Amino acid sequence: MTVLRKPRYKVDLVGLQAVCEANYWRLLRLMPDMAEEDYLQLLVEAEDGQPQSLCLHVLERCRYTTTLRLTHQRDHDWLTPPSMEVRLYHDAGMAEVVAAYNRRRFRGVYPYPNEQMLQPDEKYQLNQFLGEWLGYCQHYGRSAQPVIIHR
């Protein structure tokens, strides 16, 4: 009897870098004054009419990096709002998820199955999800603060 094995997952480094670069520019479009601004709340219209928002909070600013915490807030008594930490690398023009669901530092590849229940491409999937989340907010979101245009 022959056992069919799934081919081993290989990291698509070019694909991961492309996702991280796109996320960097999405974040800069959502929070253009990131160098001075510490907090931004975007109100997002949900299909079910429930109020929800994405909160971007600057945790750390360094010369070449900025770390943000992104939290999705919605009125649920039974669900902890999802959040993740994202590090922006300004010299490389990339944004990478560095923490999510109480985990830090994701590896490029995980053996599968594993005790943590992580997918082989968990790092890629988290960064892809961040891009989808930010794209949704760009399309459907509006600022909770008044927008001031400097001329």
# chains A, B, ... in the order shown; residues from 1 in each chain; ligands from 1
call {"tool": "closest_atom_pairs", "arguments": {"of": "region 65-102 of chain A", "to": "region 33-43 of chain A", "cutoff": "10 Å", "atoms": "only C-alpha atoms", "output": "CSV"}}
result
residue,atom,partner,partner_atom,distance
A:Thr66,CA,A:Met34,CA,8.5
A:Leu68,CA,A:Asp38,CA,9.1
A:Arg69,CA,A:Tyr39,CA,9.6
A:Leu70,CA,A:Leu40,CA,9.7
A:Thr71,CA,A:Gln41,CA,9.5
A:His72,CA,A:Leu42,CA,9.7
A:Gln73,CA,A:Leu43,CA,9.5
call {"tool": "write_last_selection", "arguments": {"atoms": "N, CA, C and O atoms", "output": "compact mmCIF listing (two decimals), in the first residue's frame"}}
result
# COMPACT_ATOMS: atom_id res chain seq x y z
N THR A 66 8.87 51.40 13.49
CA THR A 66 7.74 51.80 14.33
C THR A 66 6.94 50.54 14.59
O THR A 66 6.72 49.74 13.69
N LEU A 68 3.30 49.07 15.93
CA LEU A 68 1.90 49.41 16.16
C LEU A 68 1.15 48.23 16.75
O LEU A 68 1.48 47.08 16.47
N ARG A 69 0.13 48.52 17.53
CA ARG A 69 -0.83 47.48 17.93
C ARG A 69 -2.14 47.82 17.21
O ARG A 69 -2.63 48.94 17.31
N LEU A 70 -2.65 46.85 16.49
CA LEU A 70 -3.92 47.00 15.79
C LEU A 70 -4.95 46.15 16.52
O LEU A 70 -4.71 44.96 16.77
N THR A 71 -6.07 46.77 16.89
CA THR A 71 -7.11 46.06 17.62
C THR A 71 -8.45 46.28 16.93
O THR A 71 -8.80 47.42 16.63
N HIS A 72 -9.15 45.21 16.67
CA HIS A 72 -10.49 45.28 16.10
C HIS A 72 -11.46 45.32 17.27
O HIS A 72 -11.47 44.41 18.09
N GLN A 73 -12.26 46.37 17.34
CA GLN A 73 -13.19 46.51 18.45
C GLN A 73 -14.62 46.42 17.94
O GLN A 73 -14.99 47.09 16.99
call {"tool": "atom_distance", "arguments": {"atom1": "CA of Cys55 (chain A)", "atom2": "CA of Gly93 (chain A)"}}
result
21.7 Å
call {"tool": "closest_residue", "arguments": {"among": "A:Arg8, A:Val98, A:Gln138, A:Asp91", "to": "Asp121 (chain A)", "atoms": "only C-alpha atoms"}}
result
A:Arg8
call {"tool": "residues_around", "arguments": {"residues": "Ala95 (chain A)", "least_positions_apart": "3", "cutoff": "12 Å", "atoms": "only C-alpha atoms", "output": "ChimeraX atom specification"}}
result
/A:16-28,64-68,85-92,98,126-128,130-131,134
call {"tool": "write_last_selection", "arguments": {"atoms": "N, CA and C atoms", "output": "tab-separated table (two decimals), in the first residue's frame"}}
result
chain	number	residue	atom	x	y	z
A	16	LEU	N	6.05	36.72	0.31
A	16	LEU	CA	5.94	37.29	1.65
A	16	LEU	C	6.42	38.74	1.66
A	17	GLN	N	7.53	39.02	0.99
A	17	GLN	CA	8.04	40.39	0.93
A	17	GLN	C	7.05	41.31	0.21
A	18	ALA	N	6.42	40.83	-0.83
A	18	ALA	CA	5.44	41.64	-1.56
A	18	ALA	C	4.25	41.99	-0.67
A	19	VAL	N	3.78	41.01	0.11
A	19	VAL	CA	2.67	41.26	1.02
A	19	VAL	C	3.08	42.27	2.08
A	20	CYS	N	4.29	42.13	2.63
A	20	CYS	CA	4.77	43.05	3.66
A	20	CYS	C	4.96	44.47	3.11
A	21	GLU	N	5.42	44.59	1.87
A	21	GLU	CA	5.57	45.91	1.25
A	21	GLU	C	4.20	46.56	1.04
A	22	ALA	N	3.24	45.81	0.55
A	22	ALA	CA	1.89	46.35	0.34
A	22	ALA	C	1.27	46.78	1.68
A	23	ASN	N	1.50	45.99	2.73
A	23	ASN	CA	0.96	46.34	4.05
A	23	ASN	C	1.58	47.62	4.58
A	24	TYR	N	2.86	47.84	4.31
A	24	TYR	CA	3.53	49.06	4.74
A	24	TYR	C	2.82	50.28	4.14
A	25	TRP	N	2.56	50.24	2.85
A	25	TRP	CA	1.93	51.37	2.19
A	25	TRP	C	0.48	51.52	2.60
A	26	ARG	N	-0.21	50.42	2.87
A	26	ARG	CA	-1.59	50.52	3.36
A	26	ARG	C	-1.62	51.22	4.72
A	27	LEU	N	-0.70	50.85	5.59
A	27	LEU	CA	-0.65	51.47	6.92
A	27	LEU	C	-0.31	52.96	6.83
A	28	LEU	N	0.61	53.32	5.95
A	28	LEU	CA	0.96	54.74	5.79
A	28	LEU	C	-0.23	55.54	5.24
A	64	TYR	N	14.55	53.60	12.64
A	64	TYR	CA	14.21	52.91	11.40
A	64	TYR	C	12.95	52.06	11.49
A	65	THR	N	12.35	51.97	12.67
A	65	THR	CA	11.16	51.13	12.84
A	65	THR	C	10.10	51.83	13.68
A	66	THR	N	8.87	51.40	13.49
A	66	THR	CA	7.74	51.80	14.33
A	66	THR	C	6.94	50.54	14.59
A	67	THR	N	6.52	50.35	15.84
A	67	THR	CA	5.69	49.19	16.18
A	67	THR	C	4.30	49.68	16.55
A	68	LEU	N	3.30	49.07	15.93
A	68	LEU	CA	1.90	49.41	16.16
A	68	LEU	C	1.15	48.23	16.75
A	85	GLU	N	0.37	42.89	16.71
A	85	GLU	CA	1.42	43.91	16.68
A	85	GLU	C	2.12	43.81	15.34
A	86	VAL	N	2.36	44.98	14.76
A	86	VAL	CA	2.98	45.07	13.45
A	86	VAL	C	4.19	45.98	13.55
A	87	ARG	N	5.30	45.53	13.01
A	87	ARG	CA	6.51	46.36	12.99
A	87	ARG	C	6.71	46.87	11.57
A	88	LEU	N	6.84	48.19	11.46
A	88	LEU	CA	7.11	48.82	10.18
A	88	LEU	C	8.61	49.08	10.09
A	89	TYR	N	9.22	48.63	9.01
A	89	TYR	CA	10.65	48.85	8.75
A	89	TYR	C	10.73	49.95	7.69
A	90	HIS	N	11.00	51.18	8.12
A	90	HIS	CA	10.95	52.33	7.22
A	90	HIS	C	12.06	52.29	6.17
A	91	ASP	N	13.22	51.78	6.53
A	91	ASP	CA	14.32	51.72	5.56
A	91	ASP	C	14.05	50.70	4.45
A	92	ALA	N	13.32	49.64	4.77
A	92	ALA	CA	13.01	48.61	3.78
A	92	ALA	C	11.62	48.80	3.16
A	98	VAL	N	4.41	40.86	13.98
A	98	VAL	CA	5.40	40.29	14.90
A	98	VAL	C	4.75	39.61	16.11
A	126	LEU	N	-0.75	35.23	8.31
A	126	LEU	CA	-0.99	36.38	9.19
A	126	LEU	C	-0.77	37.69	8.45
A	127	ASN	N	0.30	37.77	7.68
A	127	ASN	CA	0.58	39.00	6.94
A	127	ASN	C	-0.44	39.20	5.82
A	128	GLN	N	-0.89	38.14	5.20
A	128	GLN	CA	-1.94	38.22	4.18
A	128	GLN	C	-3.24	38.71	4.81
A	130	LEU	N	-3.52	40.56	7.51
A	130	LEU	CA	-3.33	41.97	7.81
A	130	LEU	C	-3.64	42.81	6.58
A	131	GLY	N	-3.16	42.40	5.43
A	131	GLY	CA	-3.42	43.13	4.20
A	131	GLY	C	-4.90	43.19	3.87
A	134	LEU	N	-6.58	45.61	6.41
A	134	LEU	CA	-6.29	47.01	6.10
A	134	LEU	C	-7.01	47.45	4.83
call {"tool": "atom_distance", "arguments": {"atom1": "CA of Val109 (chain A)", "atom2": "CA of Trp133 (chain A)"}}
result
22.8 Å
call {"tool": "residues_around", "arguments": {"residues": "His139 (chain A)", "least_positions_apart": "3", "cutoff": "10 Å", "atoms": "only C-alpha atoms", "output": "list in words"}}
result
Val44, Glu45, Leu134, Gly135, Tyr136 and Arg142 of chain A
call {"tool": "write_last_selection", "arguments": {"atoms": "C-alpha atoms", "output": "mmCIF file, in the first residue's frame"}}
result
data_model
loop_
_atom_site.group_PDB
_atom_site.id
_atom_site.type_symbol
_atom_site.label_atom_id
_atom_site.label_comp_id
_atom_site.auth_asym_id
_atom_site.auth_seq_id
_atom_site.Cartn_x
_atom_site.Cartn_y
_atom_site.Cartn_z
ATOM 1 C CA VAL A 44 -15.932 50.635 9.894
ATOM 2 C CA GLU A 45 -19.385 49.902 8.564
ATOM 3 C CA LEU A 134 -6.289 47.007 6.102
ATOM 4 C CA GLY A 135 -7.777 46.910 2.605
ATOM 5 C CA TYR A 136 -11.249 46.474 4.075
ATOM 6 C CA ARG A 142 -13.777 56.512 8.112
#
call {"tool": "select_by_dssp", "arguments": {"residues": "region 18-141 of chain A", "states": "alpha helix (DSSP H)", "output": "number ranges by chain"}}
result
A: 18-30, 122-140
call {"tool": "write_last_selection", "arguments": {"atoms": "N, CA, C and O atoms", "output": "tab-separated table (two decimals), in the first residue's frame"}}
result
chain	number	residue	atom	x	y	z
A	18	ALA	N	6.42	40.83	-0.83
A	18	ALA	CA	5.44	41.64	-1.56
A	18	ALA	C	4.25	41.99	-0.67
A	18	ALA	O	3.77	43.13	-0.68
A	19	VAL	N	3.78	41.01	0.11
A	19	VAL	CA	2.67	41.26	1.02
A	19	VAL	C	3.08	42.27	2.08
A	19	VAL	O	2.32	43.20	2.39
A	20	CYS	N	4.29	42.13	2.63
A	20	CYS	CA	4.77	43.05	3.66
A	20	CYS	C	4.96	44.47	3.11
A	20	CYS	O	4.68	45.45	3.80
A	21	GLU	N	5.42	44.59	1.87
A	21	GLU	CA	5.57	45.91	1.25
A	21	GLU	C	4.20	46.56	1.04
A	21	GLU	O	4.02	47.75	1.32
A	22	ALA	N	3.24	45.81	0.55
A	22	ALA	CA	1.89	46.35	0.34
A	22	ALA	C	1.27	46.78	1.68
A	22	ALA	O	0.62	47.82	1.76
A	23	ASN	N	1.50	45.99	2.73
A	23	ASN	CA	0.96	46.34	4.05
A	23	ASN	C	1.58	47.62	4.58
A	23	ASN	O	0.91	48.42	5.24
A	24	TYR	N	2.86	47.84	4.31
A	24	TYR	CA	3.53	49.06	4.74
A	24	TYR	C	2.82	50.28	4.14
A	24	TYR	O	2.49	51.23	4.85
A	25	TRP	N	2.56	50.24	2.85
A	25	TRP	CA	1.93	51.37	2.19
A	25	TRP	C	0.48	51.52	2.60
A	25	TRP	O	-0.03	52.65	2.70
A	26	ARG	N	-0.21	50.42	2.87
A	26	ARG	CA	-1.59	50.52	3.36
A	26	ARG	C	-1.62	51.22	4.72
A	26	ARG	O	-2.48	52.06	4.97
A	27	LEU	N	-0.70	50.85	5.59
A	27	LEU	CA	-0.65	51.47	6.92
A	27	LEU	C	-0.31	52.96	6.83
A	27	LEU	O	-0.88	53.78	7.55
A	28	LEU	N	0.61	53.32	5.95
A	28	LEU	CA	0.96	54.74	5.79
A	28	LEU	C	-0.23	55.54	5.24
A	28	LEU	O	-0.40	56.70	5.60
A	29	ARG	N	-1.03	54.92	4.39
A	29	ARG	CA	-2.21	55.63	3.88
A	29	ARG	C	-3.27	55.80	4.97
A	29	ARG	O	-3.96	56.81	5.01
A	30	LEU	N	-3.39	54.81	5.86
A	30	LEU	CA	-4.37	54.92	6.94
A	30	LEU	C	-3.91	55.87	8.04
A	30	LEU	O	-4.72	56.53	8.67
A	122	GLU	N	2.04	29.82	8.48
A	122	GLU	CA	1.36	30.71	9.43
A	122	GLU	C	1.80	32.17	9.29
A	122	GLU	O	0.99	33.08	9.31
A	123	LYS	N	3.08	32.40	9.14
A	123	LYS	CA	3.60	33.76	9.03
A	123	LYS	C	3.03	34.44	7.78
A	123	LYS	O	2.59	35.59	7.84
A	124	TYR	N	3.03	33.75	6.68
A	124	TYR	CA	2.50	34.30	5.44
A	124	TYR	C	1.00	34.60	5.60
A	124	TYR	O	0.52	35.65	5.20
A	125	GLN	N	0.26	33.66	6.19
A	125	GLN	CA	-1.18	33.84	6.34
A	125	GLN	C	-1.51	35.02	7.23
A	125	GLN	O	-2.46	35.77	6.95
A	126	LEU	N	-0.75	35.23	8.31
A	126	LEU	CA	-0.99	36.38	9.19
A	126	LEU	C	-0.77	37.69	8.45
A	126	LEU	O	-1.56	38.63	8.58
A	127	ASN	N	0.30	37.77	7.68
A	127	ASN	CA	0.58	39.00	6.94
A	127	ASN	C	-0.44	39.20	5.82
A	127	ASN	O	-0.84	40.33	5.54
A	128	GLN	N	-0.89	38.14	5.20
A	128	GLN	CA	-1.94	38.22	4.18
A	128	GLN	C	-3.24	38.71	4.81
A	128	GLN	O	-3.93	39.57	4.25
A	129	PHE	N	-3.58	38.18	5.99
A	129	PHE	CA	-4.78	38.61	6.71
A	129	PHE	C	-4.69	40.10	7.06
A	129	PHE	O	-5.67	40.84	6.91
A	130	LEU	N	-3.52	40.56	7.51
A	130	LEU	CA	-3.33	41.97	7.81
A	130	LEU	C	-3.64	42.81	6.58
A	130	LEU	O	-4.34	43.82	6.67
A	131	GLY	N	-3.16	42.40	5.43
A	131	GLY	CA	-3.42	43.13	4.20
A	131	GLY	C	-4.90	43.19	3.87
A	131	GLY	O	-5.42	44.24	3.46
A	132	GLU	N	-5.60	42.09	4.05
A	132	GLU	CA	-7.04	42.07	3.78
A	132	GLU	C	-7.79	42.96	4.76
A	132	GLU	O	-8.73	43.67	4.39
A	133	TRP	N	-7.38	42.92	6.02
A	133	TRP	CA	-7.99	43.73	7.08
A	133	TRP	C	-7.80	45.22	6.77
A	133	TRP	O	-8.74	46.01	6.82
A	134	LEU	N	-6.58	45.61	6.41
A	134	LEU	CA	-6.29	47.01	6.10
A	134	LEU	C	-7.01	47.45	4.83
A	134	LEU	O	-7.52	48.57	4.76
A	135	GLY	N	-7.06	46.58	3.83
A	135	GLY	CA	-7.78	46.91	2.61
A	135	GLY	C	-9.27	47.13	2.86
A	135	GLY	O	-9.87	48.06	2.30
A	136	TYR	N	-9.84	46.31	3.71
A	136	TYR	CA	-11.25	46.47	4.08
A	136	TYR	C	-11.46	47.82	4.76
A	136	TYR	O	-12.41	48.54	4.46
A	137	CYS	N	-10.56	48.17	5.67
A	137	CYS	CA	-10.67	49.45	6.39
A	137	CYS	C	-10.48	50.63	5.45
A	137	CYS	O	-11.15	51.65	5.60
A	138	GLN	N	-9.59	50.51	4.47
A	138	GLN	CA	-9.42	51.58	3.51
A	138	GLN	C	-10.69	51.79	2.69
A	138	GLN	O	-11.06	52.91	2.37
A	139	HIS	N	-11.33	50.70	2.35
A	139	HIS	CA	-12.51	50.79	1.50
A	139	HIS	C	-13.75	51.23	2.27
A	139	HIS	O	-14.53	52.06	1.78
A	140	TYR	N	-13.97	50.70	3.48
A	140	TYR	CA	-15.20	50.94	4.22
A	140	TYR	C	-15.04	51.83	5.45
A	140	TYR	O	-16.03	52.16	6.09
call {"tool": "closest_residue", "arguments": {"among": "A:Leu56, A:Leu118, A:Met84, A:Met94", "to": "Pro32 (chain A)", "atoms": "only C-alpha atoms"}}
result
A:Leu56
call {"tool": "select_by_dssp", "arguments": {"residues": "region 5-77 of chain A", "states": "strand (DSSP E or B)", "output": "list in words"}}
result
Tyr39, Leu40, Gln41, Leu42, Leu43, Val44, Gln52, Ser53, Leu54, Cys55, Leu56, His57, Val58, Leu59, Glu60, Arg61, Thr65, Thr66, Thr67, Leu68, Arg69, Leu70, Thr71, His72, Gln73 and Arg74 of chain A
call {"tool": "atom_distance", "arguments": {"atom1": "CA of Pro82 (chain A)", "atom2": "CA of Leu54 (chain A)"}}
result
10.0 Å
